[in-house]
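See below for the structure under consideration.
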Amino acid sequence: MMEKAELKVAVLGAGAIAGQHFDAIRSTDGFVACAVADIQLERAEAIAVTYGIRAYSDYKELIRQERPDVVVIALPHFLHRETAIFAAEHGCHLMLEKPMALNVAECDDIMDAANKADIRILIGHTQHYMAENIYAKKIIESGELGEIVMINDVRHLNYFQDVRPQWFLEKDKSGGGILANLGTHSIDKIQWLMDSSVRKVSAAVSHHGKRGNVEGSGIIYMELASGLPASIAQSGYPGATRNETEIIGTLGMLKLATGVSLWISRGGVYEQVDVPPMDTPFQLQYKDLLIAIEAKSETSCPPEYARGVIAALEAVYRSAETGVEQFL
């Protein structure tokens, strides 16, 4: 019996996250890395040497020359639409980092191109692939916490550090500040844990960043289609770093520190939950995409879902600007 040919994967963008993609590609049977592109050729060449692949400064030349089966888009948000459509038109399946695009209109353009080309897309909402989150979802679905009555999500980190690339802090390139970058993770996490989309939002933001024109903090009150209320509070100003989601039920609570730990209260103090080890989120994403390509099915984080996260973010910004609750 003949072995299945490995699918060639190229990564666009040689930034901080590229190495995690190449490590996951290397460890996933069925994929092989072929090339990397970055406008700063020396960055692409440094990664190319590490992984034994070819480097390009022009992503279009890479796609034409290498003819990859899969293209990974790990580029600034304002380049997602352009690069995704070009790759789709050349028949490449996509691993597209979140957020999917700058706005819903751009998401629709990407989805149109994908439908015409009949390609599979996985949007990199990593919250779906984190061990603590997966285990928390199992506990919620088991009924052990009773009826879930609210979720409070808090995330603080110094967002305006000098090491953050400037494009993150320019709204026309990033789509927004801390809420566009980290708030979309929180919106996604809450929707995914509860298997229910956002129905309405009310929000307030502040603009006190030392550079750029994006918001530096925000607070969101939202309700899911199920009726569940949730709050998201995020600050990008100096202070204690925090990343915690508290899920409150009628019989107990969960405290979820994604990527770190999971804690449960059954009516008393929090006790740590022993979370079984799993593959890395990137490995799980690549396995998910491979199954979808082979079965010609949707990935478990498809464009339609990711578009909904962007729609919720747009509603957050509309509410913050107008002071009026927004319905989706």
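Just remember, in the structure tokens the first chain shown is A, the second B, etc., residues are 1-based per chain, and ligands are 1-based in the order shown.
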
Using only C-alpha atoms, determine which residues lie at most 10 Å from segment 305-318 of chain A, disregarding the query and same-chain residues fewer than 4 positions distant; provide the list as a PyMOL selection string. chain A and resi 98-108+111+122-125+175-176+179-180+183-188+191-192+197-205+215+218-222+300-301+322-328

Exercise for review: With a distance cut-off of 8 Å and only C-alpha atoms, select the neighbouring residues of Leu262 of chain A, excluding the residue or stretch itself and same-chain residues fewer than 2 positions from it, and output the selection as a list in words.
Suggested key: Glu132, Ala136, Leu254, Lys255, Leu256, Ala257, Thr258, Val260, Ile264, Gln272, Val273, Asp274 and Val275 of chain A

Next, dump the selected residues to file, keeping only all heavy atoms, as a JSON list (two decimals), in the first residue's frame.
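Below is the file out_0.json, written as the result:
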[["chain", "number", "residue", "atom", "x", "y", "z"],
["A", 132, "GLU", "N", -6.21, 23.26, 29.73],
["A", 132, "GLU", "CA", -7.04, 23.70, 30.86],
["A", 132, "GLU", "C", -8.45, 24.07, 30.40],
["A", 132, "GLU", "O", -9.44, 23.77, 31.07],
["A", 132, "GLU", "CB", -6.41, 24.91, 31.57],
["A", 132, "GLU", "CG", -5.06, 24.63, 32.20],
["A", 132, "GLU", "CD", -3.92, 24.66, 31.19],
["A", 132, "GLU", "OE1", -4.13, 25.16, 30.05],
["A", 132, "GLU", "OE2", -2.83, 24.18, 31.53],
["A", 136, "ALA", "N", -11.90, 22.30, 31.45],
["A", 136, "ALA", "CA", -12.94, 23.13, 32.06],
["A", 136, "ALA", "C", -14.27, 22.93, 31.34],
["A", 136, "ALA", "O", -15.34, 22.82, 31.97],
["A", 136, "ALA", "CB", -12.54, 24.60, 32.02],
["A", 254, "LEU", "N", -15.45, 27.40, 38.91],
["A", 254, "LEU", "CA", -14.14, 27.10, 38.33],
["A", 254, "LEU", "C", -13.33, 28.39, 38.24],
["A", 254, "LEU", "O", -13.88, 29.44, 37.92],
["A", 254, "LEU", "CB", -14.27, 26.52, 36.91],
["A", 254, "LEU", "CG", -14.73, 25.09, 36.73],
["A", 254, "LEU", "CD1", -14.77, 24.76, 35.24],
["A", 254, "LEU", "CD2", -13.83, 24.10, 37.46],
["A", 255, "LYS", "N", -12.03, 28.29, 38.50],
["A", 255, "LYS", "CA", -11.11, 29.38, 38.24],
["A", 255, "LYS", "C", -10.10, 28.87, 37.22],
["A", 255, "LYS", "O", -9.35, 27.92, 37.49],
["A", 255, "LYS", "CB", -10.41, 29.83, 39.53],
["A", 255, "LYS", "CG", -9.49, 31.02, 39.32],
["A", 255, "LYS", "CD", -9.07, 31.65, 40.65],
["A", 255, "LYS", "CE", -8.20, 30.74, 41.47],
["A", 255, "LYS", "NZ", -7.70, 31.38, 42.70],
["A", 256, "LEU", "N", -10.15, 29.46, 36.03],
["A", 256, "LEU", "CA", -9.38, 28.98, 34.89],
["A", 256, "LEU", "C", -8.25, 29.95, 34.58],
["A", 256, "LEU", "O", -8.50, 31.10, 34.21],
["A", 256, "LEU", "CB", -10.34, 28.85, 33.69],
["A", 256, "LEU", "CG", -9.79, 28.54, 32.31],
["A", 256, "LEU", "CD1", -8.99, 27.25, 32.32],
["A", 256, "LEU", "CD2", -10.94, 28.45, 31.31],
["A", 257, "ALA", "N", -7.04, 29.50, 34.78],
["A", 257, "ALA", "CA", -5.85, 30.28, 34.39],
["A", 257, "ALA", "C", -5.29, 29.59, 33.15],
["A", 257, "ALA", "O", -4.46, 28.69, 33.23],
["A", 257, "ALA", "CB", -4.83, 30.31, 35.52],
["A", 258, "THR", "N", -5.80, 30.00, 31.99],
["A", 258, "THR", "CA", -5.50, 29.31, 30.74],
["A", 258, "THR", "C", -4.00, 29.22, 30.51],
["A", 258, "THR", "O", -3.27, 30.20, 30.64],
["A", 258, "THR", "CB", -6.17, 30.06, 29.56],
["A", 258, "THR", "OG1", -7.58, 30.00, 29.74],
["A", 258, "THR", "CG2", -5.80, 29.43, 28.23],
["A", 260, "VAL", "N", -1.99, 27.65, 32.37],
["A", 260, "VAL", "CA", -1.27, 27.52, 33.66],
["A", 260, "VAL", "C", -1.92, 26.47, 34.56],
["A", 260, "VAL", "O", -1.28, 25.49, 34.95],
["A", 260, "VAL", "CB", -1.20, 28.88, 34.39],
["A", 260, "VAL", "CG1", -0.45, 28.74, 35.71],
["A", 260, "VAL", "CG2", -0.53, 29.94, 33.51],
["A", 264, "ILE", "N", -11.12, 24.27, 41.14],
["A", 264, "ILE", "CA", -12.56, 24.07, 41.34],
["A", 264, "ILE", "C", -12.93, 24.32, 42.81],
["A", 264, "ILE", "O", -12.17, 24.00, 43.72],
["A", 264, "ILE", "CB", -13.00, 22.65, 40.90],
["A", 264, "ILE", "CG1", -14.52, 22.53, 40.84],
["A", 264, "ILE", "CG2", -12.39, 21.57, 41.81],
["A", 264, "ILE", "CD1", -15.02, 21.28, 40.10],
["A", 272, "GLN", "N", -6.94, 22.68, 43.34],
["A", 272, "GLN", "CA", -6.42, 22.55, 41.97],
["A", 272, "GLN", "C", -6.90, 21.24, 41.34],
["A", 272, "GLN", "O", -6.93, 20.19, 41.98],
["A", 272, "GLN", "CB", -4.89, 22.61, 41.96],
["A", 272, "GLN", "CG", -4.34, 22.70, 40.55],
["A", 272, "GLN", "CD", -2.89, 23.18, 40.50],
["A", 272, "GLN", "OE1", -2.28, 23.46, 41.52],
["A", 272, "GLN", "NE2", -2.35, 23.26, 39.31],
["A", 273, "VAL", "N", -7.27, 21.34, 40.08],
["A", 273, "VAL", "CA", -7.70, 20.17, 39.28],
["A", 273, "VAL", "C", -6.48, 19.62, 38.56],
["A", 273, "VAL", "O", -5.69, 20.37, 38.00],
["A", 273, "VAL", "CB", -8.79, 20.59, 38.26],
["A", 273, "VAL", "CG1", -9.17, 19.41, 37.38],
["A", 273, "VAL", "CG2", -10.01, 21.16, 38.97],
["A", 274, "ASP", "N", -6.35, 18.31, 38.55],
["A", 274, "ASP", "CA", -5.25, 17.67, 37.83],
["A", 274, "ASP", "C", -5.66, 17.57, 36.35],
["A", 274, "ASP", "O", -6.51, 16.76, 35.99],
["A", 274, "ASP", "CB", -4.99, 16.27, 38.42],
["A", 274, "ASP", "CG", -3.76, 15.62, 37.82],
["A", 274, "ASP", "OD1", -2.92, 16.35, 37.27],
["A", 274, "ASP", "OD2", -3.64, 14.38, 37.90],
["A", 275, "VAL", "N", -5.07, 18.41, 35.52],
["A", 275, "VAL", "CA", -5.41, 18.44, 34.09],
["A", 275, "VAL", "C", -4.50, 17.48, 33.34],
["A", 275, "VAL", "O", -3.27, 17.62, 33.40],
["A", 275, "VAL", "CB", -5.27, 19.87, 33.52],
["A", 275, "VAL", "CG1", -5.55, 19.89, 32.02],
["A", 275, "VAL", "CG2", -6.20, 20.83, 34.25]]

Exercise for review: Determine which residues of segment 30-226 of chain A receive a DSSP assignment of strand (DSSP E or B), computed from the backbone, and state them as a PyMOL selection string.
Suggested key: chain A and resi 31-37+54-56+70-73+93-97+121-124+148-156+198-206+217-224

So the first atom is atom CA of Tyr270 of chain A and the second is atom CA of Met253 of chain A; what is the distance between them in Å, to one decimal place?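 A separation of 8.2 Å between them.
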
If you run DSSP on the backbone, which residues of segment 89-217 of chain A are alpha helix (DSSP H), as a ChimeraX atom specification?
/A:89,104-117,131-142,171-174,178,184-194

What separation in Å, quoted to one decimal, exists between atom CA of Ile151 of chain A and atom CA of His208 of chain A?
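According to the coordinates, atom CA of Ile151 of chain A and atom CA of His208 of chain A are separated by 27.2 Å.
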
One decimal place gives the atom CA of Asp69 of chain A-atom CA of Thr280 of chain A separation as 22.5 Å

Within 12 Å of Arg164 of chain A using only C-alpha atoms, minus same-chain residues under 3 positions, as a count of residues only:
15

Practice item. May I ask which of the residues A:Ile53, A:Ala35, A:Ala14, A:Ala320 is the closest one to His207 of chain A, counting only C-alpha atoms? Key: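 Nearest candidate to His207 of chain A out of A:Ile53, A:Ala35, A:Ala14, A:Ala320: A:Ala320.
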
- [ ] For Val70 of chain A, list every protein, DNA or RNA residue within 9 Å, evaluated using only C-alpha atoms, and leave out those in the same chain fewer than 6 positions away; present the list as a list in words.
- [x]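 These residues fall inside the cut-off: Leu7, Lys8, Val9, Ala10, Val11, Phe31, Ala87, Gly91, Cys92, His93, Leu94 and Met95 of chain A.
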
- Mind checking which residues fall within 9 Å of Leu41 of chain A, counting only C-alpha atoms, ignoring those fewer than 4 positions away in the same chain, and posting them as a list in words? Ala37, Glu45, Ala46, Ala55, Tyr56, Ser57 and Asp58 of chain A

_Here is a test: counting only C-alpha atoms, which residue of A:Glu304, A:Gln127, A:Ile39, A:Ala44 is nearest to Asp112 of chain A?_
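With only C-alpha atoms as the atom set, the closest residue is A:Glu304.
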
- Select, from A:Leu79, A:Phe282, A:Ala84, A:Leu182, the residue with the minimum atom-to-atom distance to Ala18 of chain A, counting only C-alpha atoms.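 Between A:Leu79, A:Phe282, A:Ala84, A:Leu182, the residue approaching Ala18 of chain A most closely is A:Phe282.
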
- Query: If we count only C-alpha atoms, what is near Ile17 of chain A at a cut-off of 10 Å, once residues fewer than 4 positions away on the same chain are taken out, given as a PyMOL selection string?
  - Reply: chain A and resi 13+21-22+74-75+97

Residues within 8 Å of segment 286-291 of chain A, only C-alpha atoms, excluding chain neighbours under 2 positions, as number ranges by chain:
A: 24-25, 28, 30, 95, 120-122, 282-284, 293-295, 297, 299-300

From the list A:Gly268, A:Asn152, A:Gly259, A:Ala292, which residue is nearest Ala230 of chain A when using only C-alpha atoms?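 The shortest atom-to-atom distance to Ala230 of chain A comes from A:Asn152.
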